[in-house]
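*Asks:* Here it is, the structure, as structure tokens.
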Amino acid sequence: MFILQAKMAKAFQLDVRLEGVEPKVCRQLIIPADLYLVDLHKILQVGIGWLNHHLHGFEHNGTMFLPPDATNEMGTVAYTDMPVHQFLRKQGDQLVYVYNFESAWRHLITVEDIVDTSEIAHPLPYCTGGTGAAPPEDIGGPEGYSDMLAALASTKHPRHSMYKEYLGGITWLPDDFERDDVNELFQEDDYGLFDVMDFFLNNMELLDEGDDEFDEIDPKENLQEAIDEIIANQLKENDPPELKQNLDRLINLGWTKDQAYQLVAQCVILEIFQVFKESEEFNRDRYIRNLRALPNEPREIWQENS
């Protein structure tokens with residue numbers, strides 16, 4: 001059996017399977033063998049189709065490895081500068097990726113083969129195949145996902161309307177997966193990892209491209225400054241009081257202060273988006289609803305008539 005040797009230009013051919021769900025959700029990925037866990041996390045998020053809204057970790061031989069900025073508890077280790085080949089070295093080796101500890105989406109990663117990078121015609125990482133769409137982020141884990149699919153399959157199901165409302169008008173296709181789309185994303189910064197700020201910047205017409213004054217402005221930095229100022233002012237004035245209440249709630253749930261602020265920022269960005277792109281006024285009720293729904297992403301983003 002081939003075992004990875006140091007200083008060899010090798011790549012892992014991985015089989016990634018989301019445990020406990022039907023229809024099956026799996027991906028076949030090829031990644032550089034010298035990749036680090038922080039990058040494998042990004043690749044798995046994009047490859048499966050998650051939105052990077054929740055905590056994650058890697059489980060190996062009974063130990064949970066968390067990102068350095070996560071709240072570590074007894075029995076966990078921060079995975080600073082840990083290469084994938086520290087855990088995967090030969091065919092058949094396995095590693096578990098856990099996403100959203102409340103829903104416990106568990107992904108079993110298995111090394112199918114170790115190949116020479118000179119034999120690969122595509123840039124890495126690369127998705128060679130797969131099936132199934134990632135479930136909705138906060139549907140309640142595999143059990144909740146199974147219940148949702150059963151409810152959506154019949155208009156007579158007692159929770160059919162509830163799940164239709166939860167999805168915000170989206171037609172859910174559990175078999176929806178496009179390998180080419182994944183591989184295109186892999187070639188972007190951070191392997192195409194979802195960034196809520198980039199999402200809104202790509203849909204907002206805030207800057208006049210013909211105005212030289214705006215050419216030197218970093219729109220992402222500019223938007224971040226606006227978000228920070230809005231949050232700071234709302235906290236100072238305690239208006240709405242739900243902002244501080246939900247920040248405290250998120251921190252009590254185990255999110256770091258920075259992570260809690262990032263979650264709240266999504267709700268702020270939604271309102272900025274609606275004001276500038278849709279010419280709406282600030283919707284206080286919607287803002288509070290989205291704050292209360294955190295850490296779920298602001299689902300009203302996806303509704304045409306929120």
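Naming scheme: A, B, ... for chains in displayed order of the structure tokens; residues 1 onward per chain; ligands 1 onward as shown.
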Would you pick out the contacts of Asp147 (chain A) at 12 Å or less, using only C-alpha atoms, so that residues sharing its chain but fewer than 5 positions from it are not included, and give the list as JSON, numbers by chain?
*Replies:* {"A": [21, 22, 135, 139, 140, 141, 142, 152, 153, 154, 157, 158, 159, 160, 162, 163]}
*Asks:* Please indicate the distance in Å from CA of Leu250 (chain A) to CA of Leu149 (chain A), rounded to one decimal place.
*Replies:*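 Value for the CA of Leu250 (chain A)-CA of Leu149 (chain A) distance: 29.1 Å.
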*Asks:* When distances are computed from only C-alpha atoms, which of A:Gly49, A:Gly168, A:Pro295, A:Pro68 shows the smallest separation from Leu18 (chain A)?
*Replies:*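 Looking at the shortest contact to Leu18 (chain A), the residue is A:Gly49.
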*Asks:* Taking the backbone alone, and naming residues the way the document does, which bits of region 43-106 of chain A are helix (DSSP H, G or I) by DSSP, as a list in words?
*Replies:*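 Across region 43-106 of chain A, those assigned helix (DSSP H, G or I) are Ile43, Leu44, Gln45, Val46, Gly47, Ile48, Val84, His85 and Gln86 of chain A.
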*Asks:* Restricting the output to C-alpha atoms, write the selected residues as a short mmCIF file (atom, residue, chain, number, x, y, z; two decimals), in the first residue's frame.
*Replies:*
```cif
data_model
loop_
_atom_site.label_atom_id
_atom_site.label_comp_id
_atom_site.auth_asym_id
_atom_site.auth_seq_id
_atom_site.Cartn_x
_atom_site.Cartn_y
_atom_site.Cartn_z
CA ILE A 43 -12.64 23.58 -0.02
CA LEU A 44 -15.21 21.44 1.78
CA GLN A 45 -17.51 24.42 2.32
CA VAL A 46 -17.45 25.26 -1.38
CA GLY A 47 -17.38 21.68 -2.61
CA ILE A 48 -20.44 20.65 -0.62
CA VAL A 84 -3.71 17.53 6.05
CA HIS A 85 -0.98 14.88 5.76
CA GLN A 86 -0.65 14.97 9.54
#
```
*Asks:* With a distance cut-off of 6 Å and only C-alpha atoms, select the neighbouring residues of region 104-116 of chain A, excluding the residue or stretch itself and same-chain residues fewer than 3 positions from it, and output the selection as number ranges by chain.
*Replies:* A: 10-19, 91-101, 119
*Asks:* Write a file of the just-selected residues containing C-alpha atoms, as a PDB file, in the first residue's frame.
*Replies:*
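What follows is the written file selection_37.pdb:
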```
ATOM      1  CA  LYS A  10       1.554  14.263  -4.443  1.00  0.00           C
ATOM      2  CA  ALA A  11      -2.179  14.808  -4.243  1.00  0.00           C
ATOM      3  CA  PHE A  12      -4.943  13.101  -2.292  1.00  0.00           C
ATOM      4  CA  GLN A  13      -7.943  11.742  -4.132  1.00  0.00           C
ATOM      5  CA  LEU A  14     -10.711  12.040  -1.539  1.00  0.00           C
ATOM      6  CA  ASP A  15     -14.213  10.708  -1.162  1.00  0.00           C
ATOM      7  CA  VAL A  16     -16.317  13.046   1.011  1.00  0.00           C
ATOM      8  CA  ARG A  17     -19.702  11.819   2.222  1.00  0.00           C
ATOM      9  CA  LEU A  18     -22.266  13.691   4.311  1.00  0.00           C
ATOM     10  CA  GLU A  19     -23.409  11.121   6.855  1.00  0.00           C
ATOM     11  CA  GLN A  91      -5.211   4.908   1.107  1.00  0.00           C
ATOM     12  CA  GLY A  92      -8.098   4.236   3.430  1.00  0.00           C
ATOM     13  CA  ASP A  93      -7.132   6.863   6.028  1.00  0.00           C
ATOM     14  CA  GLN A  94     -10.115   8.840   7.276  1.00  0.00           C
ATOM     15  CA  LEU A  95     -10.894  12.214   8.826  1.00  0.00           C
ATOM     16  CA  VAL A  96     -14.266  13.640   9.883  1.00  0.00           C
ATOM     17  CA  TYR A  97     -15.256  17.243   9.145  1.00  0.00           C
ATOM     18  CA  VAL A  98     -18.024  18.548  11.415  1.00  0.00           C
ATOM     19  CA  TYR A  99     -19.987  21.650  10.432  1.00  0.00           C
ATOM     20  CA  ASN A 100     -22.545  23.401  12.642  1.00  0.00           C
ATOM     21  CA  PHE A 101     -22.194  21.561  15.954  1.00  0.00           C
ATOM     22  CA  GLU A 119      -0.468  13.188 -13.858  1.00  0.00           C
TER      23      GLU A 119
END
```
*Asks:* Rounded to one decimal in Å, what is the spacing between CA of Ile288 (chain A) and CA of Glu242 (chain A)?
*Replies:* 6.5 Å
*Asks:* List every residue of region 87-136 of chain A that has an atom at most 9 Å from any atom of region 175-199 of chain A, giving for each one its closest atom pair and the distance in Å to one decimal, counting only C-alpha atoms, sorted by chain and then by ascending residue number, as a Markdown table.
*Replies:*
```
| residue | atom | partner | partner_atom | distance |
| --- | --- | --- | --- | --- |
| A:Pro123 | CA | A:Gln187 | CA | 8.1 |
| A:Leu124 | CA | A:Phe186 | CA | 8.0 |
| A:Pro125 | CA | A:Phe186 | CA | 6.6 |
| A:Tyr126 | CA | A:Asn183 | CA | 6.0 |
| A:Cys127 | CA | A:Asn183 | CA | 6.1 |
| A:Thr128 | CA | A:Arg179 | CA | 7.3 |
| A:Gly129 | CA | A:Arg179 | CA | 6.2 |
| A:Gly130 | CA | A:Arg179 | CA | 7.1 |
| A:Thr131 | CA | A:Phe177 | CA | 6.1 |
| A:Gly132 | CA | A:Asp175 | CA | 4.3 |
| A:Ala133 | CA | A:Asp176 | CA | 5.1 |
| A:Ala134 | CA | A:Asp176 | CA | 8.7 |
```
*Asks:* I need the residues from that last selection saved to file as an mmCIF file, in the first residue's frame (with C-alpha atoms), if you can.
*Replies:*
```cif
data_model
loop_
_atom_site.group_PDB
_atom_site.id
_atom_site.type_symbol
_atom_site.label_atom_id
_atom_site.label_comp_id
_atom_site.auth_asym_id
_atom_site.auth_seq_id
_atom_site.Cartn_x
_atom_site.Cartn_y
_atom_site.Cartn_z
ATOM 1 C CA PRO A 123 -5.452 22.941 -11.387
ATOM 2 C CA LEU A 124 -5.974 21.840 -7.804
ATOM 3 C CA PRO A 125 -8.214 21.541 -5.924
ATOM 4 C CA TYR A 126 -10.464 19.810 -8.402
ATOM 5 C CA CYS A 127 -13.849 18.115 -8.126
ATOM 6 C CA THR A 128 -14.083 14.978 -10.259
ATOM 7 C CA GLY A 129 -17.675 14.124 -9.391
ATOM 8 C CA GLY A 130 -20.425 14.108 -6.827
ATOM 9 C CA THR A 131 -24.132 13.954 -6.175
ATOM 10 C CA GLY A 132 -26.725 15.747 -4.085
ATOM 11 C CA ALA A 133 -27.206 19.315 -2.869
ATOM 12 C CA ALA A 134 -26.098 20.531 0.538
#
```
*Asks:* CA of Ile227 (chain A) and CA of Val268 (chain A), how far apart in Å?
*Replies:*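 Spanning CA of Val268 (chain A) to CA of Ile227 (chain A) is a straight-line distance of 6.6 Å.
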*Asks:* Which residue out of A:Ser103, A:Lys42, A:Phe87, A:Gln266 has the minimum interatomic distance to Glu143 (chain A) when only C-alpha atoms are used?
*Replies:*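 Checking each of A:Ser103, A:Lys42, A:Phe87, A:Gln266 against Glu143 (chain A), counting only C-alpha atoms, the winner is A:Ser103.
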*Asks:* Give me, as a ChimeraX atom specification, the residues of region 14-166 of chain A that a backbone DSSP run labels strand (DSSP E).
*Replies:* /A:14-18,26-32,56-60,63-66,76-78,94-99,105-116,126-131
*Asks:* Any chance you can output those residues with C-alpha atoms as a PDB file, in the first residue's frame?
*Replies:*
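Heads up, here's the output in result08.pdb:
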```
ATOM      1  CA  LEU A  14     -10.711  12.040  -1.539  1.00  0.00           C
ATOM      2  CA  ASP A  15     -14.213  10.708  -1.162  1.00  0.00           C
ATOM      3  CA  VAL A  16     -16.317  13.046   1.011  1.00  0.00           C
ATOM      4  CA  ARG A  17     -19.702  11.819   2.222  1.00  0.00           C
ATOM      5  CA  LEU A  18     -22.266  13.691   4.311  1.00  0.00           C
ATOM      6  CA  CYS A  26     -20.993  13.155  -1.695  1.00  0.00           C
ATOM      7  CA  ARG A  27     -18.065  14.714  -3.521  1.00  0.00           C
ATOM      8  CA  GLN A  28     -14.928  13.312  -5.086  1.00  0.00           C
ATOM      9  CA  LEU A  29     -12.106  15.810  -4.686  1.00  0.00           C
ATOM     10  CA  ILE A  30      -8.414  15.978  -5.532  1.00  0.00           C
ATOM     11  CA  ILE A  31      -6.369  18.235  -3.256  1.00  0.00           C
ATOM     12  CA  PRO A  32      -2.641  18.917  -2.855  1.00  0.00           C
ATOM     13  CA  HIS A  56     -16.596  23.769  12.288  1.00  0.00           C
ATOM     14  CA  GLY A  57     -13.939  21.293  13.321  1.00  0.00           C
ATOM     15  CA  PHE A  58     -12.045  18.170  12.306  1.00  0.00           C
ATOM     16  CA  GLU A  59     -12.339  14.971  14.307  1.00  0.00           C
ATOM     17  CA  HIS A  60      -9.545  12.390  14.318  1.00  0.00           C
ATOM     18  CA  THR A  63      -9.890  14.414  19.302  1.00  0.00           C
ATOM     19  CA  MET A  64     -11.658  17.489  17.927  1.00  0.00           C
ATOM     20  CA  PHE A  65      -9.488  20.069  16.175  1.00  0.00           C
ATOM     21  CA  LEU A  66     -11.045  23.551  16.060  1.00  0.00           C
ATOM     22  CA  THR A  76     -10.229  20.027  21.779  1.00  0.00           C
ATOM     23  CA  VAL A  77      -7.105  21.325  20.050  1.00  0.00           C
ATOM     24  CA  ALA A  78      -6.613  24.459  17.931  1.00  0.00           C
ATOM     25  CA  GLN A  94     -10.115   8.840   7.276  1.00  0.00           C
ATOM     26  CA  LEU A  95     -10.894  12.214   8.826  1.00  0.00           C
ATOM     27  CA  VAL A  96     -14.266  13.640   9.883  1.00  0.00           C
ATOM     28  CA  TYR A  97     -15.256  17.243   9.145  1.00  0.00           C
ATOM     29  CA  VAL A  98     -18.024  18.548  11.415  1.00  0.00           C
ATOM     30  CA  TYR A  99     -19.987  21.650  10.432  1.00  0.00           C
ATOM     31  CA  TRP A 105     -23.380  17.800   9.835  1.00  0.00           C
ATOM     32  CA  ARG A 106     -20.681  15.116   9.755  1.00  0.00           C
ATOM     33  CA  HIS A 107     -18.618  14.528   6.615  1.00  0.00           C
ATOM     34  CA  LEU A 108     -16.572  11.345   6.381  1.00  0.00           C
ATOM     35  CA  ILE A 109     -13.398  12.005   4.363  1.00  0.00           C
ATOM     36  CA  THR A 110     -11.617   8.949   2.988  1.00  0.00           C
ATOM     37  CA  VAL A 111      -8.394   8.776   0.981  1.00  0.00           C
ATOM     38  CA  GLU A 112      -9.215   6.800  -2.156  1.00  0.00           C
ATOM     39  CA  ASP A 113      -5.819   7.180  -3.791  1.00  0.00           C
ATOM     40  CA  ILE A 114      -2.557   9.123  -3.715  1.00  0.00           C
ATOM     41  CA  VAL A 115      -1.511  10.387  -7.119  1.00  0.00           C
ATOM     42  CA  ASP A 116       1.412  12.272  -8.614  1.00  0.00           C
ATOM     43  CA  TYR A 126     -10.464  19.810  -8.402  1.00  0.00           C
ATOM     44  CA  CYS A 127     -13.849  18.115  -8.126  1.00  0.00           C
ATOM     45  CA  THR A 128     -14.083  14.978 -10.259  1.00  0.00           C
ATOM     46  CA  GLY A 129     -17.675  14.124  -9.391  1.00  0.00           C
ATOM     47  CA  GLY A 130     -20.425  14.108  -6.827  1.00  0.00           C
ATOM     48  CA  THR A 131     -24.132  13.954  -6.175  1.00  0.00           C
TER      49      THR A 131
END
```
*Asks:* So that I can see what lies close to Glu281 (chain A), please list as a list of chain:residue names the residues with an atom at most 10 Å from it, counting only C-alpha atoms and leaving out residues fewer than 4 positions away in the same chain.
*Replies:*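 Counting only the stated atoms, we get A:Glu271, A:Ile272, A:Gln274, A:Val275, A:Phe276.
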*Asks:* Identify which of the residues A:Ile120, A:Glu229, A:Lys236, A:His54 lies closest to Leu294 (chain A), counting only C-alpha atoms when measuring atom-to-atom distances.
*Replies:*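 Among A:Ile120, A:Glu229, A:Lys236, A:His54, it is A:His54 that comes nearest to Leu294 (chain A).
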*Asks:* Pick out the closest residue to Thr80 (chain A) from this set: A:Glu280, A:Glu102, A:Asp228, A:Asp39. Count only C-alpha atoms.
*Replies:*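 Going through A:Glu280, A:Glu102, A:Asp228, A:Asp39 one by one, the smallest distance to Thr80 (chain A) is for A:Asp39.
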